[in-house]
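What's in target-v8.cif: mmCIF, C-alpha atoms and all ligand atoms
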data_work
#
loop_
_atom_site.group_PDB
_atom_site.id
_atom_site.type_symbol
_atom_site.label_atom_id
_atom_site.label_comp_id
_atom_site.auth_asym_id
_atom_site.auth_seq_id
_atom_site.Cartn_x
_atom_site.Cartn_y
_atom_site.Cartn_z
ATOM 1 C CA MET X 18 -31.548 -37.693 -30.068
ATOM 2 C CA LYS X 19 -28.034 -38.410 -28.814
ATOM 3 C CA THR X 20 -27.935 -39.878 -25.296
ATOM 4 C CA VAL X 21 -25.833 -37.932 -22.841
ATOM 5 C CA PRO X 22 -22.994 -40.035 -21.413
ATOM 6 C CA VAL X 23 -22.833 -39.963 -17.616
ATOM 7 C CA ILE X 24 -19.957 -41.158 -15.436
ATOM 8 C CA CYS X 25 -21.106 -41.751 -11.844
ATOM 9 C CA VAL X 26 -18.661 -41.294 -8.971
ATOM 10 C CA ASP X 27 -20.186 -42.569 -5.719
ATOM 11 C CA GLY X 28 -18.701 -43.350 -2.329
ATOM 12 C CA PRO X 29 -18.525 -42.265 1.320
ATOM 13 C CA SER X 30 -17.496 -38.858 2.713
ATOM 14 C CA GLY X 31 -13.963 -37.645 2.208
ATOM 15 C CA VAL X 32 -12.954 -40.372 -0.216
ATOM 16 C CA GLY X 33 -11.771 -38.005 -2.951
ATOM 17 C CA LYS X 34 -14.899 -38.059 -5.140
ATOM 18 C CA GLY X 35 -14.880 -34.269 -5.427
ATOM 19 C CA THR X 36 -11.262 -34.060 -6.581
ATOM 20 C CA LEU X 37 -11.693 -36.930 -9.041
ATOM 21 C CA SER X 38 -14.956 -35.551 -10.430
ATOM 22 C CA LEU X 39 -13.567 -32.047 -10.898
ATOM 23 C CA GLN X 40 -10.434 -33.355 -12.626
ATOM 24 C CA LEU X 41 -12.478 -35.614 -14.907
ATOM 25 C CA ALA X 42 -14.938 -32.852 -15.807
ATOM 26 C CA ASP X 43 -12.062 -30.427 -16.516
ATOM 27 C CA SER X 44 -10.054 -32.839 -18.598
ATOM 28 C CA LEU X 45 -13.047 -34.036 -20.649
ATOM 29 C CA GLY X 46 -14.784 -30.646 -20.884
ATOM 30 C CA TRP X 47 -17.941 -32.219 -19.390
ATOM 31 C CA HIS X 48 -20.512 -30.805 -16.957
ATOM 32 C CA LEU X 49 -20.262 -31.578 -13.253
ATOM 33 C CA LEU X 50 -22.989 -32.416 -10.754
ATOM 34 C CA ASP X 51 -21.873 -32.097 -7.123
ATOM 35 C CA SER X 52 -24.991 -33.636 -5.580
ATOM 36 C CA GLY X 53 -23.550 -33.382 -2.062
ATOM 37 C CA ALA X 54 -23.553 -29.594 -2.484
ATOM 38 C CA LEU X 55 -27.285 -29.785 -3.186
ATOM 39 C CA TYR X 56 -27.903 -31.565 0.147
ATOM 40 C CA ARG X 57 -25.533 -29.168 1.925
ATOM 41 C CA VAL X 58 -27.478 -26.173 0.540
ATOM 42 C CA LEU X 59 -30.746 -27.828 1.575
ATOM 43 C CA GLY X 60 -29.444 -28.254 5.138
ATOM 44 C CA LEU X 61 -28.344 -24.615 5.216
ATOM 45 C CA ALA X 62 -31.653 -23.350 3.800
ATOM 46 C CA CYS X 63 -33.543 -25.318 6.483
ATOM 47 C CA SER X 64 -31.351 -23.905 9.260
ATOM 48 C CA GLN X 65 -31.778 -20.371 7.938
ATOM 49 C CA SER X 66 -35.570 -20.719 8.009
ATOM 50 C CA ALA X 67 -35.520 -22.472 11.395
ATOM 51 C CA VAL X 68 -36.880 -25.715 9.908
ATOM 52 C CA PRO X 69 -35.857 -28.658 12.137
ATOM 53 C CA LEU X 70 -33.691 -31.029 10.094
ATOM 54 C CA ASP X 71 -35.688 -34.044 11.313
ATOM 55 C CA ASP X 72 -39.058 -32.626 10.168
ATOM 56 C CA ALA X 73 -39.426 -34.604 6.909
ATOM 57 C CA PRO X 74 -42.457 -32.795 5.357
ATOM 58 C CA ALA X 75 -41.032 -29.350 6.189
ATOM 59 C CA VAL X 76 -37.602 -30.258 4.785
ATOM 60 C CA ALA X 77 -39.292 -31.535 1.593
ATOM 61 C CA THR X 78 -41.153 -28.217 1.251
ATOM 62 C CA VAL X 79 -37.848 -26.347 1.450
ATOM 63 C CA ALA X 80 -36.342 -28.774 -1.108
ATOM 64 C CA ARG X 81 -39.156 -28.147 -3.614
ATOM 65 C CA SER X 82 -38.578 -24.402 -3.662
ATOM 66 C CA LEU X 83 -34.801 -24.439 -3.151
ATOM 67 C CA ASP X 84 -33.328 -21.478 -5.043
ATOM 68 C CA VAL X 85 -29.904 -23.006 -5.673
ATOM 69 C CA ARG X 86 -27.578 -22.231 -8.595
ATOM 70 C CA PHE X 87 -24.238 -23.650 -9.667
ATOM 71 C CA GLN X 88 -21.952 -21.264 -11.497
ATOM 72 C CA SER X 89 -18.866 -22.582 -13.277
ATOM 73 C CA GLY X 90 -15.949 -20.191 -13.432
ATOM 74 C CA GLY X 91 -12.175 -19.877 -13.362
ATOM 75 C CA ASP X 92 -11.907 -20.914 -9.694
ATOM 76 C CA GLY X 93 -14.182 -23.952 -9.870
ATOM 77 C CA VAL X 94 -17.923 -24.116 -9.281
ATOM 78 C CA ARG X 95 -19.539 -21.434 -7.093
ATOM 79 C CA VAL X 96 -22.750 -22.312 -5.279
ATOM 80 C CA TRP X 97 -25.527 -19.756 -4.722
ATOM 81 C CA LEU X 98 -28.525 -19.897 -2.397
ATOM 82 C CA GLY X 99 -30.756 -17.053 -3.540
ATOM 83 C CA ASP X 100 -28.498 -13.984 -3.656
ATOM 84 C CA SER X 101 -25.850 -15.419 -1.290
ATOM 85 C CA ASP X 102 -22.649 -17.107 -2.359
ATOM 86 C CA VAL X 103 -22.586 -20.133 -0.021
ATOM 87 C CA THR X 104 -19.633 -21.939 -1.647
ATOM 88 C CA THR X 105 -17.463 -21.782 1.473
ATOM 89 C CA VAL X 106 -20.034 -22.006 4.257
ATOM 90 C CA ILE X 107 -21.519 -25.292 2.973
ATOM 91 C CA ARG X 108 -18.057 -26.947 3.108
ATOM 92 C CA THR X 109 -17.712 -26.750 6.902
ATOM 93 C CA GLU X 110 -18.102 -29.818 9.127
ATOM 94 C CA ALA X 111 -21.430 -28.437 10.359
ATOM 95 C CA GLY X 112 -22.535 -28.131 6.718
ATOM 96 C CA GLY X 113 -21.702 -31.790 6.119
ATOM 97 C CA ARG X 114 -23.573 -32.937 9.232
ATOM 98 C CA GLY X 115 -26.665 -30.926 8.285
ATOM 99 C CA ALA X 116 -26.597 -32.366 4.751
ATOM 100 C CA SER X 117 -26.405 -35.904 6.066
ATOM 101 C CA GLU X 118 -29.401 -35.241 8.343
ATOM 102 C CA VAL X 119 -31.693 -33.808 5.640
ATOM 103 C CA ALA X 120 -30.568 -36.476 3.152
ATOM 104 C CA VAL X 121 -32.405 -39.226 5.081
ATOM 105 C CA HIS X 122 -35.837 -37.925 3.992
ATOM 106 C CA VAL X 123 -37.339 -39.717 0.937
ATOM 107 C CA GLU X 124 -39.662 -36.865 -0.007
ATOM 108 C CA ALA X 125 -36.839 -34.326 0.006
ATOM 109 C CA ARG X 126 -34.672 -36.657 -2.099
ATOM 110 C CA GLU X 127 -37.496 -37.039 -4.619
ATOM 111 C CA ALA X 128 -37.850 -33.273 -4.833
ATOM 112 C CA LEU X 129 -34.183 -33.032 -5.844
ATOM 113 C CA LEU X 130 -34.233 -35.932 -8.338
ATOM 114 C CA LEU X 131 -35.423 -34.060 -11.428
ATOM 115 C CA ARG X 132 -33.042 -31.152 -10.852
ATOM 116 C CA GLN X 133 -30.148 -33.583 -10.844
ATOM 117 C CA ARG X 134 -31.282 -35.375 -14.018
ATOM 118 C CA GLU X 135 -31.733 -32.054 -15.814
ATOM 119 C CA LEU X 136 -28.011 -31.404 -15.441
ATOM 120 C CA ALA X 137 -27.196 -34.272 -17.817
ATOM 121 C CA ARG X 138 -26.307 -32.301 -20.948
ATOM 122 C CA LEU X 139 -23.966 -32.910 -23.870
ATOM 123 C CA PRO X 140 -21.087 -33.502 -24.197
ATOM 124 C CA GLY X 141 -21.451 -35.435 -20.918
ATOM 125 C CA LEU X 142 -21.865 -35.323 -17.141
ATOM 126 C CA ILE X 143 -19.697 -36.376 -14.214
ATOM 127 C CA ALA X 144 -22.138 -37.103 -11.375
ATOM 128 C CA ASP X 145 -20.625 -37.065 -7.880
ATOM 129 C CA GLY X 146 -22.590 -38.392 -4.896
ATOM 130 C CA ARG X 147 -23.929 -41.398 -3.004
ATOM 131 C CA ASP X 148 -26.785 -42.663 -5.191
ATOM 132 C CA MET X 149 -25.774 -41.507 -8.660
ATOM 133 C CA GLY X 150 -25.355 -45.043 -10.005
ATOM 134 C CA THR X 151 -28.156 -46.678 -8.013
ATOM 135 C CA VAL X 152 -30.988 -44.116 -8.257
ATOM 136 C CA VAL X 153 -30.314 -40.927 -10.202
ATOM 137 C CA PHE X 154 -28.563 -42.308 -13.308
ATOM 138 C CA PRO X 155 -29.152 -46.097 -13.234
ATOM 139 C CA ASP X 156 -28.385 -46.418 -16.987
ATOM 140 C CA ALA X 157 -25.012 -44.647 -16.838
ATOM 141 C CA PRO X 158 -22.377 -46.445 -18.950
ATOM 142 C CA LEU X 159 -19.666 -46.121 -16.266
ATOM 143 C CA LYS X 160 -20.153 -46.214 -12.498
ATOM 144 C CA ILE X 161 -17.251 -45.842 -10.110
ATOM 145 C CA PHE X 162 -17.625 -46.573 -6.388
ATOM 146 C CA LEU X 163 -14.659 -45.014 -4.615
ATOM 147 C CA THR X 164 -13.607 -46.311 -1.191
ATOM 148 C CA ALA X 165 -10.762 -45.626 1.273
ATOM 149 C CA SER X 166 -10.248 -46.463 4.945
ATOM 150 C CA ALA X 167 -11.956 -44.101 7.434
ATOM 151 C CA GLU X 168 -8.502 -43.218 8.848
ATOM 152 C CA ALA X 169 -7.128 -42.194 5.441
ATOM 153 C CA ARG X 170 -10.246 -40.107 4.797
ATOM 154 C CA ALA X 171 -10.002 -38.373 8.206
ATOM 155 C CA GLU X 172 -6.358 -37.484 7.540
ATOM 156 C CA ARG X 173 -7.160 -36.032 4.093
ATOM 157 C CA ARG X 174 -10.062 -34.055 5.569
ATOM 158 C CA LEU X 175 -7.829 -32.684 8.337
ATOM 159 C CA LEU X 176 -5.416 -31.257 5.754
ATOM 160 C CA GLN X 177 -8.337 -29.752 3.802
ATOM 161 C CA LEU X 178 -9.856 -28.102 6.883
ATOM 162 C CA GLN X 179 -6.497 -26.799 8.054
ATOM 163 C CA GLY X 180 -6.146 -25.217 4.599
ATOM 164 C CA MET X 181 -9.510 -23.490 5.184
ATOM 165 C CA GLY X 182 -8.346 -22.256 8.619
ATOM 166 C CA GLU X 183 -10.715 -24.567 10.602
ATOM 167 C CA SER X 184 -9.123 -26.254 13.597
ATOM 168 C CA VAL X 185 -10.414 -29.715 14.554
ATOM 169 C CA SER X 186 -8.800 -32.831 15.980
ATOM 170 C CA LEU X 187 -8.153 -35.979 13.964
ATOM 171 C CA ALA X 188 -10.072 -38.064 16.528
ATOM 172 C CA ARG X 189 -13.129 -35.802 16.207
ATOM 173 C CA LEU X 190 -12.964 -36.000 12.404
ATOM 174 C CA LEU X 191 -12.701 -39.784 12.470
ATOM 175 C CA ALA X 192 -15.712 -40.022 14.799
ATOM 176 C CA ASP X 193 -17.671 -37.648 12.526
ATOM 177 C CA ILE X 194 -16.801 -39.643 9.410
ATOM 178 C CA GLU X 195 -17.809 -42.923 11.044
ATOM 179 C CA GLU X 196 -21.081 -41.436 12.290
ATOM 180 C CA ARG X 197 -21.902 -39.986 8.853
ATOM 181 C CA ASP X 198 -20.964 -43.249 7.083
ATOM 182 C CA ALA X 199 -23.297 -45.177 9.371
ATOM 183 C CA ARG X 200 -26.177 -42.743 8.737
ATOM 184 C CA ASP X 201 -25.590 -42.725 4.949
ATOM 185 C CA ARG X 202 -25.298 -46.536 4.759
ATOM 186 C CA ASN X 203 -28.185 -47.440 7.059
ATOM 187 C CA ARG X 204 -30.879 -45.015 5.930
ATOM 188 C CA ALA X 205 -33.907 -46.460 4.132
ATOM 189 C CA ALA X 206 -33.909 -43.883 1.318
ATOM 190 C CA SER X 207 -31.155 -44.407 -1.281
ATOM 191 C CA PRO X 208 -28.583 -45.796 1.153
ATOM 192 C CA LEU X 209 -24.906 -45.530 0.315
ATOM 193 C CA VAL X 210 -24.223 -48.759 -1.535
ATOM 194 C CA ALA X 211 -22.305 -49.631 -4.698
ATOM 195 C CA ALA X 212 -24.506 -50.247 -7.747
ATOM 196 C CA GLU X 213 -24.343 -53.881 -8.899
ATOM 197 C CA ASP X 214 -22.576 -52.814 -12.071
ATOM 198 C CA ALA X 215 -20.207 -50.328 -10.373
ATOM 199 C CA ILE X 216 -16.440 -50.741 -10.413
ATOM 200 C CA VAL X 217 -15.103 -50.454 -6.858
ATOM 201 C CA VAL X 218 -11.838 -48.496 -6.649
ATOM 202 C CA ASP X 219 -9.979 -48.454 -3.300
ATOM 203 C CA SER X 220 -8.032 -45.189 -3.182
ATOM 204 C CA THR X 221 -6.419 -45.695 0.264
ATOM 205 C CA THR X 222 -2.923 -46.023 -1.191
ATOM 206 C CA LEU X 223 -3.450 -44.277 -4.539
ATOM 207 C CA THR X 224 -2.686 -40.659 -5.402
ATOM 208 C CA ALA X 225 -5.466 -38.490 -6.849
ATOM 209 C CA ASP X 226 -3.662 -38.561 -10.214
ATOM 210 C CA ALA X 227 -3.482 -42.351 -10.231
ATOM 211 C CA VAL X 228 -7.228 -42.647 -9.544
ATOM 212 C CA MET X 229 -7.994 -40.130 -12.267
ATOM 213 C CA HIS X 230 -5.916 -42.027 -14.866
ATOM 214 C CA LEU X 231 -7.453 -45.331 -13.883
ATOM 215 C CA VAL X 232 -10.989 -43.993 -14.357
ATOM 216 C CA ARG X 233 -10.106 -42.228 -17.619
ATOM 217 C CA ASP X 234 -8.646 -45.462 -18.986
ATOM 218 C CA LEU X 235 -11.855 -47.293 -18.052
ATOM 219 C CA ALA X 236 -13.919 -44.650 -19.865
ATOM 220 C CA VAL X 237 -11.714 -45.011 -22.956
ATOM 221 C CA SER X 238 -11.880 -48.806 -22.870
ATOM 222 C CA ARG X 239 -15.687 -48.636 -22.773
ATOM 223 C CA GLY X 240 -15.776 -46.248 -25.717
ATOM 224 C CA ILE X 241 -17.332 -43.450 -23.657
ATOM 225 C CA VAL X 242 -14.501 -41.013 -24.334
ATOM 226 C CA GLU X 243 -11.774 -40.902 -26.949
ATOM 227 C CA GLU X 244 -8.125 -41.438 -26.058
HETATM 228 O O1 LIG I 301 -20.509 -35.533 -0.645
HETATM 229 P P1 LIG I 301 -20.803 -34.598 0.521
HETATM 230 O O2 LIG I 301 -19.923 -34.859 1.714
HETATM 231 O O3 LIG I 301 -20.794 -33.173 0.110
HETATM 232 O O4 LIG I 301 -22.299 -34.960 0.971
HETATM 233 C C1 LIG I 301 -22.874 -34.408 2.116
HETATM 234 C C2 LIG I 301 -23.995 -35.301 2.620
HETATM 235 O O5 LIG I 301 -25.052 -35.325 1.655
HETATM 236 C C3 LIG I 301 -23.626 -36.767 2.877
HETATM 237 O O6 LIG I 301 -23.471 -37.051 4.235
HETATM 238 C C4 LIG I 301 -24.789 -37.555 2.350
HETATM 239 C C5 LIG I 301 -25.603 -36.623 1.530
HETATM 240 N N1 LIG I 301 -25.665 -36.994 0.109
HETATM 241 C C6 LIG I 301 -26.630 -37.896 -0.264
HETATM 242 O O7 LIG I 301 -27.365 -38.398 0.568
HETATM 243 N N2 LIG I 301 -26.787 -38.204 -1.571
HETATM 244 C C7 LIG I 301 -25.986 -37.689 -2.507
HETATM 245 N N3 LIG I 301 -26.160 -38.018 -3.789
HETATM 246 C C8 LIG I 301 -24.967 -36.774 -2.128
HETATM 247 C C9 LIG I 301 -24.824 -36.466 -0.801
#

Just dump the structure as structure tokens.
Ligand code: DC
Amino acid sequence: MKTVPVICVDGPSGVGKGTLSLQLADSLGWHLLDSGALYRVLGLACSQSAVPLDDAPAVATVARSLDVRFQSGGDGVRVWLGDSDVTTVIRTEAGGRGASEVAVHVEAREALLLRQRELARLPGLIADGRDMGTVVFPDAPLKIFLTASAEARAERRLLQLQGMGESVSLARLLADIEERDARDRNRAASPLVAAEDAIVVDSTTLTADAVMHLVRDLAVSRGIVEE
């Protein structure tokens, strides 16, 4: 049986993992796992059923029966929770905060592990998240850990939110990013940390295109994809 090649793209919030992963998946014709979306949907599902986000066993129960679907189409990947298209609502700042809160629970993370691994299908998978290289796909042949200063990430996020018609201040965004980073890095379950064999790429002063070419070249040089 042919092993499925996986390229992991991990890193903190707002670092450009989503853009890089989407571009890589498009250009290689590979599948895409947006694991953050899974945690965002879990947070939303908990809120909708009035499950407190800090109630670990209850959150894990919701995770086990989470009726989430990813649908690839012309305008990117659409995310469904049951019969509702939640693609836009999970992208709000509140959606990100909720995801970060439910993501601290080990049992809930375990419930989502198999679903993530099942998405590894030929010709290959781009796995975007926090623990792709450390926990979900430890044997992946290429692991990228993307970083950028908190200020650069807050500025990029501001532009994104303005594009979606949300109005927030840069200072508030920076505080949110720092708070979420601290929670993601300091939690006991799968904390945000670069895998030992990950290549750390600082994107603070790089364009999205430059990052994409750098990672593609690495994949070619490792024989994972053809030139
Ligand atoms: O990548 P994102 O901003 O959509 O992720 C939202 C939250 O989900 C983030 O604060 C941490 C959590 N997350 C995680 O714990 N593990 C992952 N593999 C992906 C996301």

Any chance you could tabulate, as a tab-separated table, the residues of chain X at most 7 Å from ligand LIG 301 (chain I) with each one's nearest atom pair and distance in Å to one decimal, using all atoms listed in the file, in chain and rising number order?
residue	atom	partner	partner_atom	distance
X:Ser30	CA	I:LIG301	O2	4.8
X:Gly31	CA	I:LIG301	O2	6.6
X:Ser52	CA	I:LIG301	C8	4.7
X:Gly53	CA	I:LIG301	O3	3.5
X:Ala54	CA	I:LIG301	O3	5.2
X:Tyr56	CA	I:LIG301	O5	5.0
X:Arg57	CA	I:LIG301	C1	5.9
X:Gly113	CA	I:LIG301	C1	4.9
X:Arg114	CA	I:LIG301	O6	6.5
X:Ala116	CA	I:LIG301	C2	4.5
X:Ser117	CA	I:LIG301	O6	3.6
X:Ala120	CA	I:LIG301	O7	4.5
X:Val121	CA	I:LIG301	O7	6.8
X:Asp145	CA	I:LIG301	N3	6.9
X:Gly146	CA	I:LIG301	N3	3.8
X:Arg147	CA	I:LIG301	N3	4.1
X:Asp148	CA	I:LIG301	N3	4.9
X:Met149	CA	I:LIG301	N3	6.0
X:Arg197	CA	I:LIG301	O6	5.7
X:Asp201	CA	I:LIG301	C4	5.8

**OP:** Return as a ChimeraX atom specification the set of residues that the PyMOL selection byres (((chain X and resi 96) around 8) and not hetatm) yields on the displayed structure.
**Re:** /X:54,85-88,94-95,97-98,102-104

For the selection just defined, write its residues with C-alpha atoms to a file, as an mmCIF file, keeping the file's coordinate frame.
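Done, and the output landed in out_19.cif:
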data_model
loop_
_atom_site.group_PDB
_atom_site.id
_atom_site.type_symbol
_atom_site.label_atom_id
_atom_site.label_comp_id
_atom_site.auth_asym_id
_atom_site.auth_seq_id
_atom_site.Cartn_x
_atom_site.Cartn_y
_atom_site.Cartn_z
ATOM 1 C CA ALA X 54 -23.553 -29.594 -2.484
ATOM 2 C CA VAL X 85 -29.904 -23.006 -5.673
ATOM 3 C CA ARG X 86 -27.578 -22.231 -8.595
ATOM 4 C CA PHE X 87 -24.238 -23.650 -9.667
ATOM 5 C CA GLN X 88 -21.952 -21.264 -11.497
ATOM 6 C CA VAL X 94 -17.923 -24.116 -9.281
ATOM 7 C CA ARG X 95 -19.539 -21.434 -7.093
ATOM 8 C CA TRP X 97 -25.527 -19.756 -4.722
ATOM 9 C CA LEU X 98 -28.525 -19.897 -2.397
ATOM 10 C CA ASP X 102 -22.649 -17.107 -2.359
ATOM 11 C CA VAL X 103 -22.586 -20.133 -0.021
ATOM 12 C CA THR X 104 -19.633 -21.939 -1.647
#

Subject >> Distance criterion (only C-alpha atoms): nearest to Glu195 (chain X) out of X:Glu183, X:Glu168, X:Asp100, X:Asp156 >> reply: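 The shortest atom-to-atom distance to Glu195 (chain X) comes from X:Glu168.
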
Subject >> Ground truth for the PyMOL selection byres (((chain X and resi 19) around 10) and not hetatm), written as a VMD selection string >> reply: chain X and resid 18 20 to 22 139 to 140

Subject >> Gap from CA of Thr151 (chain X) to CA of Ser64 (chain X) - Å, one decimal >> reply: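 CA of Ser64 (chain X) lies at a distance of 28.8 Å from CA of Thr151 (chain X).
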
**OP:** Quick one: everything within 8 Å of Leu59 (chain X), counting all atoms listed in the file, minus sequence neighbours fewer than 4 positions away in the same chain. Send it as number ranges by chain.
**Re:** X: 55, 63, 76, 79-80, 83, 116, 119

**OP:** Write out as a list of chain:residue names which residues come within 8 Å of region 130-133 of chain X when counting all atoms listed in the file, dropping same-chain ones fewer than 2 positions away.
**Re:**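 Returned residues: X:Leu50, X:Ser52, X:Arg126, X:Glu127, X:Ala128, X:Glu135, X:Leu136, X:Ala137, X:Val153.
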
Subject >> Nearest to Leu187 (chain X) by atom-to-atom distance, counting all atoms listed in the file, from X:Ala169, X:Ile143, X:Val152, X:Val232 >> reply: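 The closest residue to Leu187 (chain X) is X:Ala169.
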